[in-house]
Amino acid sequence: MTPNESSSILVGSGHFAIGFVLGFMIMFVLIKARSENIKIQLYSPFLPIIFGLWAALPYFWLDSAQQLSAWLNLFILYPVFHHNEMVVAIFGKLNLVALICGVLYSYIIIRYIRLVKYCRTYGWKEGVENA
Amino acid sequence: MPNKHFYFSIGALSGTLISYYITKSIKAIKNNSLVKNLSKLEPDWELYFPVVIFVTGLWGLIPDILHALRLLPKEVTRSEIFNIFFMHSYFEHVEDKYPAIDRLLNWTGEIILFSIAIGCMCYYIRLINNAINSRNISE
(Lines give C-alpha, C1' and ligand atoms only; values in the text may rest on other atoms or scores of the structure.)
Protein backbone atom coordinates (compact mmCIF):
# COMPACT_ATOMS: atom_id res chain seq x y z
CA MET A 1 0.00 0.00 0.00
CA THR A 2 1.82 3.13 -1.14
CA PRO A 3 0.67 6.73 -0.80
CA ASN A 4 -0.33 8.55 -3.91
CA GLU A 5 -1.34 12.12 -3.42
CA SER A 6 -2.73 12.72 -6.91
CA SER A 7 -3.78 9.63 -8.80
CA SER A 8 -6.74 8.61 -10.90
CA ILE A 9 -7.01 5.21 -9.22
CA LEU A 10 -7.45 4.09 -5.66
CA VAL A 11 -4.51 2.34 -4.03
CA GLY A 12 -4.67 -0.39 -1.39
CA SER A 13 -4.90 1.95 1.57
CA GLY A 14 -7.91 3.68 0.02
CA HIS A 15 -9.76 0.39 -0.45
CA PHE A 16 -8.83 -0.57 3.10
CA ALA A 17 -10.29 2.67 4.40
CA ILE A 18 -13.57 2.09 2.54
CA GLY A 19 -13.88 -1.37 4.08
CA PHE A 20 -12.87 0.00 7.46
CA VAL A 21 -15.56 2.69 7.38
CA LEU A 22 -18.20 0.18 6.26
CA GLY A 23 -17.17 -2.28 8.97
CA PHE A 24 -17.26 0.50 11.53
CA MET A 25 -20.83 1.41 10.61
CA ILE A 26 -21.91 -2.23 10.95
CA MET A 27 -20.05 -2.49 14.27
CA PHE A 28 -21.79 0.66 15.53
CA VAL A 29 -25.25 -0.65 14.67
CA LEU A 30 -24.51 -4.03 16.28
CA ILE A 31 -23.20 -2.46 19.48
CA LYS A 32 -26.28 -0.28 19.86
CA ALA A 33 -28.76 -2.99 18.82
CA ARG A 34 -27.27 -5.74 20.98
CA SER A 35 -26.04 -3.82 24.03
CA GLU A 36 -26.94 -6.74 26.33
CA ASN A 37 -24.56 -9.14 24.58
CA ILE A 38 -20.97 -8.97 25.89
CA LYS A 39 -19.53 -10.93 22.96
CA ILE A 40 -20.87 -8.38 20.50
CA GLN A 41 -19.39 -5.58 22.64
CA LEU A 42 -16.01 -7.30 22.77
CA TYR A 43 -15.55 -8.70 19.26
CA SER A 44 -17.55 -6.54 16.87
CA PRO A 45 -14.76 -3.89 16.89
CA PHE A 46 -12.76 -6.35 14.79
CA LEU A 47 -15.27 -5.92 11.96
CA PRO A 48 -13.72 -2.69 10.60
CA ILE A 49 -10.32 -4.39 10.32
CA ILE A 50 -11.77 -7.51 8.71
CA PHE A 51 -13.81 -5.52 6.19
CA GLY A 52 -10.82 -3.26 5.50
CA LEU A 53 -8.52 -6.19 4.76
CA TRP A 54 -11.18 -7.87 2.61
CA ALA A 55 -11.71 -4.70 0.56
CA ALA A 56 -7.95 -4.26 0.00
CA LEU A 57 -7.23 -7.92 -0.82
CA PRO A 58 -7.30 -7.66 -4.65
CA TYR A 59 -4.70 -4.88 -4.48
CA PHE A 60 -2.07 -7.44 -3.46
CA TRP A 61 -2.32 -9.52 -6.61
CA LEU A 62 -3.69 -7.19 -9.28
CA ASP A 63 -1.58 -5.18 -11.68
CA SER A 64 -2.61 -1.51 -11.86
CA ALA A 65 -2.93 -1.75 -15.64
CA GLN A 66 -5.03 -4.90 -15.47
CA GLN A 67 -8.68 -4.88 -16.50
CA LEU A 68 -10.87 -5.40 -13.45
CA SER A 69 -13.35 -8.27 -13.72
CA ALA A 70 -16.90 -7.99 -12.44
CA TRP A 71 -16.42 -10.73 -9.83
CA LEU A 72 -14.03 -8.41 -7.96
CA ASN A 73 -17.14 -6.53 -6.81
CA LEU A 74 -17.29 -9.18 -4.09
CA PHE A 75 -14.46 -7.26 -2.46
CA ILE A 76 -16.70 -4.38 -1.48
CA LEU A 77 -17.20 -3.07 -5.01
CA TYR A 78 -13.47 -3.01 -5.77
CA PRO A 79 -13.79 -2.13 -9.50
CA VAL A 80 -16.49 0.46 -8.80
CA PHE A 81 -14.44 2.40 -6.29
CA HIS A 82 -11.12 1.88 -8.04
CA HIS A 83 -11.75 4.53 -10.69
CA ASN A 84 -14.46 6.60 -9.04
CA GLU A 85 -13.33 10.24 -8.98
CA MET A 86 -15.18 11.24 -5.84
CA VAL A 87 -13.93 8.21 -3.91
CA VAL A 88 -10.36 8.73 -5.14
CA ALA A 89 -10.54 12.39 -4.12
CA ILE A 90 -11.35 11.39 -0.52
CA PHE A 91 -9.69 8.01 -0.02
CA GLY A 92 -6.82 8.53 -2.44
CA LYS A 93 -4.87 10.71 -0.02
CA LEU A 94 -2.95 8.67 2.55
CA ASN A 95 -2.98 11.47 5.13
CA LEU A 96 -6.76 11.66 4.99
CA VAL A 97 -7.07 7.87 5.12
CA ALA A 98 -4.80 7.79 8.19
CA LEU A 99 -6.88 10.52 9.81
CA ILE A 100 -10.23 8.80 9.14
CA CYS A 101 -9.04 5.37 10.28
CA GLY A 102 -7.23 6.91 13.25
CA VAL A 103 -10.33 8.74 14.48
CA LEU A 104 -12.52 5.66 14.10
CA TYR A 105 -9.93 3.47 15.82
CA SER A 106 -9.74 6.00 18.67
CA TYR A 107 -13.49 5.62 19.14
CA ILE A 108 -13.01 1.85 19.43
CA ILE A 109 -10.25 2.26 22.03
CA ILE A 110 -12.24 4.80 24.06
CA ARG A 111 -15.18 2.41 23.98
CA TYR A 112 -13.03 -0.43 25.29
CA ILE A 113 -11.67 1.78 28.09
CA ARG A 114 -15.21 2.70 29.16
CA LEU A 115 -16.19 -0.98 29.05
CA VAL A 116 -13.24 -1.98 31.25
CA LYS A 117 -14.15 0.68 33.82
CA TYR A 118 -17.82 -0.32 33.73
CA CYS A 119 -17.11 -4.04 34.17
CA ARG A 120 -14.65 -3.36 37.00
CA THR A 121 -17.36 -1.44 38.85
CA TYR A 122 -20.55 -3.36 38.00
CA GLY A 123 -19.53 -6.59 36.28
CA TRP A 124 -21.72 -7.77 33.38
CA LYS A 125 -25.19 -9.26 33.51
CA GLU A 126 -25.84 -11.29 30.38
CA GLY A 127 -29.21 -10.74 28.69
CA VAL A 128 -29.81 -7.44 30.45
CA GLU A 129 -28.94 -4.03 29.01
CA ASN A 130 -25.70 -2.95 30.69
CA ALA A 131 -23.39 -0.06 29.68
CA MET B 1 12.44 7.23 1.24
CA PRO B 2 10.36 5.09 3.56
CA ASN B 3 6.79 6.33 3.92
CA LYS B 4 5.79 8.31 6.99
CA HIS B 5 3.90 5.45 8.56
CA PHE B 6 7.19 3.54 8.81
CA TYR B 7 8.63 6.12 11.22
CA PHE B 8 5.38 6.26 13.15
CA SER B 9 5.42 2.46 13.42
CA ILE B 10 8.96 2.43 14.85
CA GLY B 11 7.89 4.97 17.46
CA ALA B 12 4.71 3.04 18.17
CA LEU B 13 6.71 -0.16 18.60
CA SER B 14 8.99 1.58 21.10
CA GLY B 15 5.94 2.87 22.97
CA THR B 16 4.49 -0.63 23.02
CA LEU B 17 7.70 -2.07 24.48
CA ILE B 18 7.77 0.69 27.14
CA SER B 19 4.13 -0.02 28.01
CA TYR B 20 4.78 -3.75 28.15
CA TYR B 21 7.76 -3.24 30.45
CA ILE B 22 5.70 -1.02 32.77
CA THR B 23 2.88 -3.60 32.84
CA LYS B 24 5.31 -6.35 33.79
CA SER B 25 7.01 -4.17 36.44
CA ILE B 26 3.78 -2.85 37.92
CA LYS B 27 4.17 -4.63 41.26
CA ALA B 28 7.72 -3.39 41.63
CA ILE B 29 6.90 0.23 40.82
CA LYS B 30 3.67 0.51 42.84
CA ASN B 31 5.50 2.25 45.70
CA ASN B 32 7.10 4.78 43.39
CA SER B 33 5.88 8.27 44.31
CA LEU B 34 5.17 9.19 40.68
CA VAL B 35 3.03 6.07 40.25
CA LYS B 36 1.23 6.75 43.55
CA ASN B 37 0.40 10.30 42.45
CA LEU B 38 -0.72 9.00 39.07
CA SER B 39 -2.98 6.43 40.75
CA LYS B 40 -4.59 9.19 42.86
CA LEU B 41 -5.21 11.22 39.73
CA GLU B 42 -6.55 8.30 37.70
CA PRO B 43 -6.84 4.85 39.35
CA ASP B 44 -7.10 3.12 35.95
CA TRP B 45 -4.07 4.87 34.45
CA GLU B 46 -2.75 1.64 32.89
CA LEU B 47 -5.73 1.74 30.50
CA TYR B 48 -4.20 4.71 28.71
CA PHE B 49 -1.12 2.98 27.30
CA PRO B 50 -2.28 3.61 23.71
CA VAL B 51 -1.65 7.30 24.45
CA VAL B 52 2.00 6.45 25.21
CA ILE B 53 2.16 4.43 21.99
CA PHE B 54 0.68 7.30 19.98
CA VAL B 55 3.00 9.93 21.51
CA THR B 56 6.14 7.85 20.90
CA GLY B 57 4.88 7.24 17.36
CA LEU B 58 4.60 10.99 16.85
CA TRP B 59 8.22 11.37 18.01
CA GLY B 60 9.25 9.43 14.93
CA LEU B 61 7.25 11.80 12.71
CA ILE B 62 8.79 15.03 14.04
CA PRO B 63 11.26 15.50 11.12
CA ASP B 64 8.43 15.05 8.60
CA ILE B 65 6.20 17.40 10.59
CA LEU B 66 8.93 20.05 10.64
CA HIS B 67 9.37 19.66 6.89
CA ALA B 68 5.60 19.68 6.20
CA LEU B 69 5.22 22.90 8.21
CA ARG B 70 8.08 24.37 6.14
CA LEU B 71 10.10 25.04 9.27
CA LEU B 72 13.11 23.08 8.00
CA PRO B 73 14.17 22.01 4.50
CA LYS B 74 14.63 18.37 3.58
CA GLU B 75 18.42 18.73 3.50
CA VAL B 76 18.41 19.70 7.18
CA THR B 77 15.96 16.99 8.30
CA ARG B 78 18.20 14.47 6.56
CA SER B 79 21.23 15.51 8.62
CA GLU B 80 22.73 13.11 11.15
CA ILE B 81 21.34 14.81 14.25
CA PHE B 82 17.87 13.76 13.19
CA ASN B 83 18.84 10.18 13.85
CA ILE B 84 17.54 10.80 17.38
CA PHE B 85 14.10 10.42 15.82
CA PHE B 86 14.43 6.66 15.42
CA MET B 87 17.27 6.74 12.89
CA HIS B 88 15.31 9.01 10.55
CA SER B 89 18.31 10.20 8.53
CA TYR B 90 19.74 6.72 8.17
CA PHE B 91 16.51 5.34 6.72
CA GLU B 92 16.06 8.37 4.48
CA HIS B 93 19.36 7.55 2.79
CA VAL B 94 18.38 3.92 2.34
CA GLU B 95 16.27 4.80 -0.71
CA ASP B 96 19.31 6.12 -2.54
CA LYS B 97 21.04 2.79 -2.44
CA TYR B 98 18.49 0.05 -1.85
CA PRO B 99 14.97 0.53 -3.27
CA ALA B 100 14.06 -3.06 -2.38
CA ILE B 101 14.84 -2.43 1.30
CA ASP B 102 12.73 0.73 1.07
CA ARG B 103 9.71 -1.34 0.04
CA LEU B 104 10.49 -3.90 2.73
CA LEU B 105 10.59 -1.16 5.37
CA ASN B 106 7.19 0.14 4.26
CA TRP B 107 5.68 -3.32 4.49
CA THR B 108 7.32 -3.85 7.89
CA GLY B 109 5.83 -0.59 9.13
CA GLU B 110 2.36 -1.65 8.04
CA ILE B 111 2.68 -5.04 9.70
CA ILE B 112 3.91 -3.42 12.93
CA LEU B 113 1.03 -0.94 13.02
CA PHE B 114 -1.50 -3.64 12.25
CA SER B 115 -0.11 -5.92 14.99
CA ILE B 116 -0.11 -3.11 17.57
CA ALA B 117 -3.69 -2.17 16.70
CA ILE B 118 -4.88 -5.76 17.13
CA GLY B 119 -2.71 -6.21 20.22
CA CYS B 120 -4.24 -3.19 21.97
CA MET B 121 -7.74 -4.49 21.31
CA CYS B 122 -6.81 -7.94 22.65
CA TYR B 123 -5.29 -6.31 25.74
CA TYR B 124 -8.58 -4.57 26.54
CA ILE B 125 -10.61 -7.70 25.86
CA ARG B 126 -8.42 -9.57 28.35
CA LEU B 127 -8.93 -6.84 30.97
CA ILE B 128 -12.70 -6.87 30.45
CA ASN B 129 -12.88 -10.67 30.76
CA ASN B 130 -10.75 -10.52 33.94
CA ALA B 131 -13.01 -7.81 35.37
CA ILE B 132 -16.17 -9.80 34.63
CA ASN B 133 -14.71 -13.02 36.03
CA SER B 134 -13.51 -11.36 39.23
CA ARG B 135 -16.90 -9.70 39.74
CA ASN B 136 -18.67 -13.04 39.18
CA ILE B 137 -16.38 -14.76 41.69
CA SER B 138 -16.94 -12.10 44.37
CA GLU B 139 -20.72 -12.33 43.89
# chains A, B, ... in the order shown; residues from 1 in each chain; ligands from 1

$ interface_residues --of "chain A" --to "chain B" --cutoff "8 Å" --atoms "only C-alpha atoms" --output "PyMOL selection string"
chain A and resi 1-3+42+109+112-113+115-117+119-120+122-124

$ select_by_dssp --residues "chain A" --states "alpha helix (DSSP H)" --output "number ranges by chain"
A: 12-33, 38-43, 47-56, 78-82, 85-91, 94-122

$ residues_around --residues "Val94 of chain B" --least-positions-apart "2" --cutoff "12 Å" --atoms "only C-alpha atoms" --output "MDAnalysis selection string"
chainID B and resid 1:3 78 87:92 96:106

$ residues_around --residues "segment 26-30 of chain A" --least-positions-apart "5" --cutoff "12 Å" --atoms "only C-alpha atoms" --output "PyMOL selection string"
chain A and resi 19-21+35-51+104-105+107-108+111
